[in-house]
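Undergrad: Got a structure for you, written out below as C-alpha cells; questions coming shortly.
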2 protein chains.
Amino acid sequence: MSTSKAARTPTDPVDAIIDQWAAVRPDLDTAAMEVFGRVFRLSRAMGDRMEKTYARLGISRGEFDVLATLRRSGDPYALSPRQLSATLMLTTGGMTGRLDKLERAGLLRRSPDPHDRRALQVTLTDKGLTLVDEAVGAGLAVQTEALSSLDEEQAGQLADLLRQLLAGTGRTSR
Amino acid sequence: MSTSKAARTPTDPVDAIIDQWAAVRPDLDTAAMEVFGRVFRLSRAMGDRMEKTYARLGISRGEFDVLATLRRSGDPYALSPRQLSATLMLTTGGMTGRLDKLERAGLLRRSPDPHDRRALQVTLTDKGLTLVDEAVGAGLAVQTEALSSLDEEQAGQLADLLRQLLAGTGRTSR
DNA sequence: AGTAATTAGCTTAGCGCTAAGCTACTTATC
DNA sequence: GATAAGTAGCTTAGCGCTAAGCTAATTACT
C-alpha cells in the first residue's frame with residue numbers, strides 16, 4: 001500500500017490534552033508531555049494487548065515474565081525466587097504468589113537448592129518450556145505488527161532515541 | 001534483521017535481554033523489543049517518579065489524573081463521574097473510590113446535576129484548584145528534567161515517531 | 001567456639017483496581 | 001400513559017500488588 005494520505009498527523013489525543021492545558025494554563029511548558037504522554041499511552045495500550053495475547057495461552061503478563069526470565073537464563077532454566085524478584089522488580093511477596101500459580105499449573109517446579117538450605121531453585125518444566133516458547137513468539141508477533149506503522153529506519157531511530165532517554169533517566173532516578 | 005551494534009552505545013538492560021534471547025532462541029525476530037522493551041521500562045520508571053512527585057503533595061498519581069482532568073476542562077471545573085471514568089479509562093467502581101478519597105480530602109465536591117437526577121457534577125474546590133496547579137507544575141518539571149538527555153531536535157523527532165506509532169497501534173487494537 | 005548481623009522465602013494486612021450486579025432515574029416505543 | 005430499554009453511580013467479591021514482619025539458615029565478627 002502506498003501512503004497516499006498526508007504524512008502529517010493532524011492531532012492525536014495527546015495533542016488535544018496539550019491544547020487544553022494551553023487554553024487554561026498558557027504559562028506551562030508542556031513540551032515534555034509530547035514525549036512522556038505518548039510513552040505512557042503506548043505502554044498501556046501495548047500492555048493491554050500483550051495481556052490478551054498471553055491470556056489465550058492461559059497465563060497473565062506477569063506470569064509470562066517469570067517464565068520468560070527462566071527461559072532466557074538458558075539451560076538448565078533454574079533461578080532462585082530471589083533472583084527472579086530482583087530481575088522483575090517485584091517484592092518477594094508478589095513473587096511467592098506468581099510462583100504458587102505457575103507451580104499449580106505445572107509450568108515450573110520449586111526444589112531445594114543443594115548449596116544453600118535457605119534457598120530454592122525454580123525450574124521450568126517441559127510443559128513450561130513449551131508454553132513459554134509459544135508465548136514469546138506470539139508476543140513478538142503482536143509487537144512486530146504494531147511496529148509496522150514505522151519503516152525500518154524510523155524504528156531504528158526510535159529505538160536509539162529511547163535508549164538514550166532511558167539511559168539518562170535511569171541515572172537521575174531515586 | 002538487526003543492525004550492527006554501534007560501539008558508542010554502551011548497551012542498556014534491554015540490549016542485554018535481547019542478547020540473552022539471541023543466545024537461546026536465535027530464530028526469534030526481536031527487533032520490536034528494541035522499541036517496546038524500552039517503552040515499557042521508560043513508562044514504569046517515569047511513572048514511579050511521577051508517583052513520588054505527587055506523593056509529596058499528598059495525592060496519588062491516579063488522584064492527580066482526576067484533578068488534572070477537571071482542571072483542563074476549564075471553568076467551572078465540573079464533569080460527571082461518568083465523563084471522568086471514560087476519559088481516564090477507568091471502571092465506574094474505580095472512579096467512585098478515587099472521588100471518595102478526593103472528596104474526603106476537600107479537593108473536590110460532588111453535587112447533584114440540575115438537569116439529570118441520576119447524574120452528579122464533580123467540581124474542583126479552591127483547595128483542589130490550588131493543589132492541582134502546583135502538582136502539574138511539579139510533574140512537568142520532573143518530565144522536563146528527564147527529557148534533558150535529548151536536545152530539542154531529538155525530542156521533537158522522538159515525539160513525532162511516537163505519535164505515528166501510537167496512531168498506528170491505536171487503530172489495530174482489539 | 002559463640003554471638004550478631006544478614007539473607008531467603010513466606011505470611012498477613014491493606015490498597016486500588018476490575019467485573020458483575022444493584023437501584024434510581026431517564027428516554028424511546030407503542 | 002404504560003412499559004421496555006438504556007444510563008448514572010454505587011456496592012461487593014476477587015485479584016495482584018506492596019510493606020512489614022516472621023522463621024530458618026547462613027555469614028561475619030570477636
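Letters A, B, ... go to the chains of the C-alpha cells in the order shown; residues in each chain start at 1; ligands are counted from 1 in the same order.
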C:DT26: which residues within 9 Å, counting only C-alpha atoms (C1' of nucleotides), same-chain residues fewer than 3 positions away excluded, as a PDB file with C-alpha atoms (C1' of nucleotides), in the first residue's frame?

TA:
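The resulting file, part_32.pdb, is shown below:
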```pdb
ATOM      1  CA  ASP B 116     -30.403  14.787  35.260  1.00  0.00           C
ATOM      2  CA  ARG B 117     -31.293  13.410  38.641  1.00  0.00           C
ATOM      3  CA  ARG B 118     -29.276  10.224  38.012  1.00  0.00           C
TER       4      ARG B 118
ATOM      5  C1'  DG D   6     -30.846   2.319  28.434  1.00  0.00           C
ATOM      6  C1'  DT D   7     -27.866   5.086  31.613  1.00  0.00           C
TER       7       DT D   7
END
```

Undergrad: Superposing chain A on chain B by least squares with every Cα paired in order, what RMSD results?

TA: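 Overlaying the two chains on their C-alpha atoms yields 4.5 Å.
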
Undergrad: Within 10 Å of chain D, which residues of chain A are there when counting only C-alpha atoms (C1' of nucleotides)? Please give them as a list in words.

TA: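 Here is what falls inside 10 Å: Gly62, Leu90, Thr91, Thr92, Gly93, Gly94, Met95, Gly97, Arg98, Asp116, Arg117, Arg118 and Ala119 of chain A.
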
Undergrad: Selected residues, all heavy atoms, written as an mmCIF file, in the first residue's frame, please.

TA:
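File produced: again-v6.cif:
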```cif
data_model
loop_
_atom_site.group_PDB
_atom_site.id
_atom_site.type_symbol
_atom_site.label_atom_id
_atom_site.label_comp_id
_atom_site.auth_asym_id
_atom_site.auth_seq_id
_atom_site.Cartn_x
_atom_site.Cartn_y
_atom_site.Cartn_z
ATOM 1 N N GLY A 62 2.331 -10.975 33.925
ATOM 2 C CA GLY A 62 3.311 -11.133 34.994
ATOM 3 C C GLY A 62 3.852 -12.550 35.052
ATOM 4 O O GLY A 62 5.050 -12.759 35.294
ATOM 5 N N LEU A 90 10.114 -6.922 41.692
ATOM 6 C CA LEU A 90 8.895 -7.341 42.380
ATOM 7 C C LEU A 90 9.282 -7.661 43.813
ATOM 8 O O LEU A 90 10.392 -8.112 44.071
ATOM 9 C CB LEU A 90 8.384 -8.600 41.686
ATOM 10 C CG LEU A 90 6.948 -9.014 41.885
ATOM 11 C CD1 LEU A 90 6.033 -8.016 41.203
ATOM 12 C CD2 LEU A 90 6.728 -10.396 41.305
ATOM 13 N N THR A 91 8.369 -7.429 44.758
ATOM 14 C CA THR A 91 8.668 -7.833 46.125
ATOM 15 C C THR A 91 8.620 -9.350 46.227
ATOM 16 O O THR A 91 8.029 -10.031 45.392
ATOM 17 C CB THR A 91 7.643 -7.243 47.114
ATOM 18 O OG1 THR A 91 6.346 -7.684 46.747
ATOM 19 C CG2 THR A 91 7.700 -5.733 47.121
ATOM 20 N N THR A 92 9.238 -9.872 47.276
ATOM 21 C CA THR A 92 9.263 -11.332 47.422
ATOM 22 C C THR A 92 7.849 -11.873 47.633
ATOM 23 O O THR A 92 7.540 -12.986 47.208
ATOM 24 C CB THR A 92 10.149 -11.735 48.603
ATOM 25 O OG1 THR A 92 9.588 -11.195 49.809
ATOM 26 C CG2 THR A 92 11.552 -11.228 48.430
ATOM 27 N N GLY A 93 7.011 -11.087 48.280
ATOM 28 C CA GLY A 93 5.630 -11.498 48.472
ATOM 29 C C GLY A 93 4.907 -11.682 47.157
ATOM 30 O O GLY A 93 4.194 -12.673 46.951
ATOM 31 N N GLY A 94 5.102 -10.752 46.270
ATOM 32 C CA GLY A 94 4.488 -10.852 44.954
ATOM 33 C C GLY A 94 4.995 -12.062 44.191
ATOM 34 O O GLY A 94 4.227 -12.748 43.506
ATOM 35 N N MET A 95 6.283 -12.317 44.310
ATOM 36 C CA MET A 95 6.866 -13.460 43.606
ATOM 37 C C MET A 95 6.312 -14.778 44.146
ATOM 38 O O MET A 95 6.028 -15.698 43.382
ATOM 39 C CB MET A 95 8.391 -13.424 43.745
ATOM 40 C CG MET A 95 9.130 -14.465 42.930
ATOM 41 S SD MET A 95 8.676 -14.533 41.164
ATOM 42 C CE MET A 95 9.244 -12.941 40.576
ATOM 43 N N GLY A 97 3.415 -15.401 45.208
ATOM 44 C CA GLY A 97 2.109 -15.609 44.582
ATOM 45 C C GLY A 97 2.213 -16.089 43.144
ATOM 46 O O GLY A 97 1.502 -17.015 42.744
ATOM 47 N N ARG A 98 3.099 -15.461 42.381
ATOM 48 C CA ARG A 98 3.246 -15.874 40.985
ATOM 49 C C ARG A 98 3.747 -17.309 40.893
ATOM 50 O O ARG A 98 3.254 -18.103 40.085
ATOM 51 C CB ARG A 98 4.234 -14.944 40.269
ATOM 52 C CG ARG A 98 3.662 -13.588 39.960
ATOM 53 C CD ARG A 98 4.564 -12.835 38.982
ATOM 54 N NE ARG A 98 4.194 -11.430 38.905
ATOM 55 C CZ ARG A 98 4.845 -10.526 38.182
ATOM 56 N NH1 ARG A 98 5.907 -10.889 37.484
ATOM 57 N NH2 ARG A 98 4.453 -9.264 38.144
ATOM 58 N N ASP A 116 22.489 -24.184 49.484
ATOM 59 C CA ASP A 116 22.029 -23.200 50.474
ATOM 60 C C ASP A 116 20.641 -23.623 50.937
ATOM 61 O O ASP A 116 19.671 -23.504 50.190
ATOM 62 C CB ASP A 116 21.994 -21.803 49.838
ATOM 63 C CG ASP A 116 21.641 -20.726 50.843
ATOM 64 O OD1 ASP A 116 21.042 -21.044 51.897
ATOM 65 O OD2 ASP A 116 21.959 -19.548 50.587
ATOM 66 N N ARG A 117 20.563 -24.110 52.160
ATOM 67 C CA ARG A 117 19.292 -24.684 52.598
ATOM 68 C C ARG A 117 18.202 -23.644 52.857
ATOM 69 O O ARG A 117 17.063 -23.984 53.134
ATOM 70 C CB ARG A 117 19.509 -25.563 53.841
ATOM 71 C CG ARG A 117 19.921 -26.976 53.443
ATOM 72 C CD ARG A 117 19.826 -27.929 54.606
ATOM 73 N NE ARG A 117 20.771 -27.563 55.646
ATOM 74 C CZ ARG A 117 20.794 -28.116 56.855
ATOM 75 N NH1 ARG A 117 19.911 -29.051 57.172
ATOM 76 N NH2 ARG A 117 21.685 -27.736 57.758
ATOM 77 N N ARG A 118 18.562 -22.342 52.769
ATOM 78 C CA ARG A 118 17.514 -21.324 52.852
ATOM 79 C C ARG A 118 16.821 -21.162 51.501
ATOM 80 O O ARG A 118 15.675 -20.759 51.409
ATOM 81 C CB ARG A 118 18.112 -19.942 53.200
ATOM 82 C CG ARG A 118 18.682 -19.818 54.558
ATOM 83 C CD ARG A 118 19.447 -18.506 54.628
ATOM 84 N NE ARG A 118 20.425 -18.389 53.543
ATOM 85 C CZ ARG A 118 21.235 -17.352 53.383
ATOM 86 N NH1 ARG A 118 21.153 -16.324 54.219
ATOM 87 N NH2 ARG A 118 22.099 -17.327 52.410
ATOM 88 N N ALA A 119 17.564 -21.447 50.456
ATOM 89 C CA ALA A 119 17.150 -21.049 49.109
ATOM 90 C C ALA A 119 16.442 -22.168 48.340
ATOM 91 O O ALA A 119 16.509 -23.339 48.708
ATOM 92 C CB ALA A 119 18.360 -20.584 48.318
#
```

Undergrad: Could you work out which residues of chain A fall inside 6 Å of chain B? Count only C-alpha atoms, and format the result as a ChimeraX atom specification.

TA: /A:20-21,32,34-35,40,43,72,143-144,146,149,159,165,168-169

Undergrad: Go ahead and save the residues from that selection, with N, CA and C atoms, as a compact mmCIF listing (two decimals), in the first residue's frame.

TA:
```txt
# COMPACT_ATOMS: atom_id res chain seq x y z
N GLN A 20 -5.56 21.67 25.52
CA GLN A 20 -6.41 22.04 26.65
C GLN A 20 -5.61 22.77 27.73
N TRP A 21 -4.43 22.24 28.03
CA TRP A 21 -3.60 22.91 29.02
C TRP A 21 -3.22 24.32 28.55
N ALA A 32 7.51 18.45 27.35
CA ALA A 32 7.86 17.09 27.77
C ALA A 32 6.68 16.13 27.65
N GLU A 34 4.75 15.89 25.20
CA GLU A 34 4.73 15.36 23.83
C GLU A 34 5.40 13.99 23.79
N VAL A 35 6.41 13.83 24.60
CA VAL A 35 7.10 12.54 24.65
C VAL A 35 6.47 11.61 25.70
N PHE A 40 3.46 6.90 28.01
CA PHE A 40 2.50 6.30 28.95
C PHE A 40 1.36 5.63 28.20
N SER A 43 2.55 2.50 26.33
CA SER A 43 2.83 1.42 27.27
C SER A 43 1.54 0.75 27.72
N ARG A 72 15.13 -17.35 29.27
CA ARG A 72 16.26 -16.56 28.81
C ARG A 72 17.55 -16.92 29.51
N GLN A 143 3.91 -7.40 18.80
CA GLN A 143 4.75 -6.20 18.84
C GLN A 143 5.26 -5.84 17.45
N THR A 144 5.65 -6.85 16.70
CA THR A 144 6.17 -6.60 15.35
C THR A 144 5.08 -5.97 14.47
N ALA A 146 2.56 -4.22 15.53
CA ALA A 146 2.33 -2.84 15.98
C ALA A 146 3.41 -1.91 15.44
N SER A 149 3.84 0.28 11.71
CA SER A 149 3.50 1.65 11.33
C SER A 149 4.74 2.44 10.93
N ALA A 159 14.30 3.48 18.41
CA ALA A 159 14.98 2.67 19.42
C ALA A 159 16.20 3.41 19.98
N LEU A 165 17.30 8.21 26.00
CA LEU A 165 16.44 8.78 27.03
C LEU A 165 16.41 7.90 28.28
N GLY A 168 19.58 8.22 30.32
CA GLY A 168 19.62 9.47 31.08
C GLY A 168 18.69 9.44 32.29
N THR A 169 17.49 8.93 32.10
CA THR A 169 16.54 8.94 33.20
C THR A 169 16.91 7.92 34.26
```

Undergrad: Once DSSP has gone over the backbone, tell me which residues of chain A are in helix (DSSP H, G or I), as a PyMOL selection string.

TA: chain A and resi 13-24+31-55+61-72+81-87+92-104+126-147+152-172

Undergrad: Per residue of chain C within 8 Å of chain A, note the shortest atom pair and the distance in Å to one decimal, counting only C-alpha atoms (C1' of nucleotides), and order the rows by chain and increasing residue number, as JSON lines.

TA:
```
{"residue": "C:DA8", "atom": "C1'", "partner": "A:Arg118", "partner_atom": "CA", "distance": 5.3}
{"residue": "C:DG9", "atom": "C1'", "partner": "A:Ala119", "partner_atom": "CA", "distance": 7.3}
{"residue": "C:DC10", "atom": "C1'", "partner": "A:Gly93", "partner_atom": "CA", "distance": 7.4}
```

Undergrad: Quote the spacing between atom CA of B:Glu134 and atom CA of B:Asp113 in Å to one decimal place.

TA: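 Atom CA of B:Glu134 sits 28.6 Å away from atom CA of B:Asp113.
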
Undergrad: From chain A, collect each residue whose DSSP state is strand (DSSP E or B) and return the set as an MDAnalysis selection string.

TA: chainID A and resid 78:79 108:112 120:124

Undergrad: Which residues come within 6 Å of B:Thr125, counting only C-alpha atoms (C1' of nucleotides), excluding same-chain residues fewer than 3 positions away, as a list of chain:residue names?

TA: B:Leu107, B:Leu108, B:Gly128

Undergrad: Could you write those residues out with N, CA and C atoms, as a PDB file, in the first residue's frame?

TA:
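Just written: selection-v4.pdb:
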```pdb
ATOM      1  N   LEU B 107     -10.697  18.238  48.205  1.00  0.00           N
ATOM      2  CA  LEU B 107     -10.145  18.742  46.954  1.00  0.00           C
ATOM      3  C   LEU B 107     -11.212  18.864  45.866  1.00  0.00           C
ATOM      4  N   LEU B 108     -12.312  18.151  46.051  1.00  0.00           N
ATOM      5  CA  LEU B 108     -13.428  18.302  45.123  1.00  0.00           C
ATOM      6  C   LEU B 108     -14.738  18.078  45.864  1.00  0.00           C
ATOM      7  N   GLY B 128      -8.598  22.307  45.868  1.00  0.00           N
ATOM      8  CA  GLY B 128      -8.240  21.377  44.807  1.00  0.00           C
ATOM      9  C   GLY B 128      -7.589  22.078  43.627  1.00  0.00           C
TER      10      GLY B 128
END
```

Undergrad: If you measure from atom CA of B:Arg56 to atom CA of B:Lys127, what distance in Å do you get, rounded to one decimal?

TA: 15.8 Å
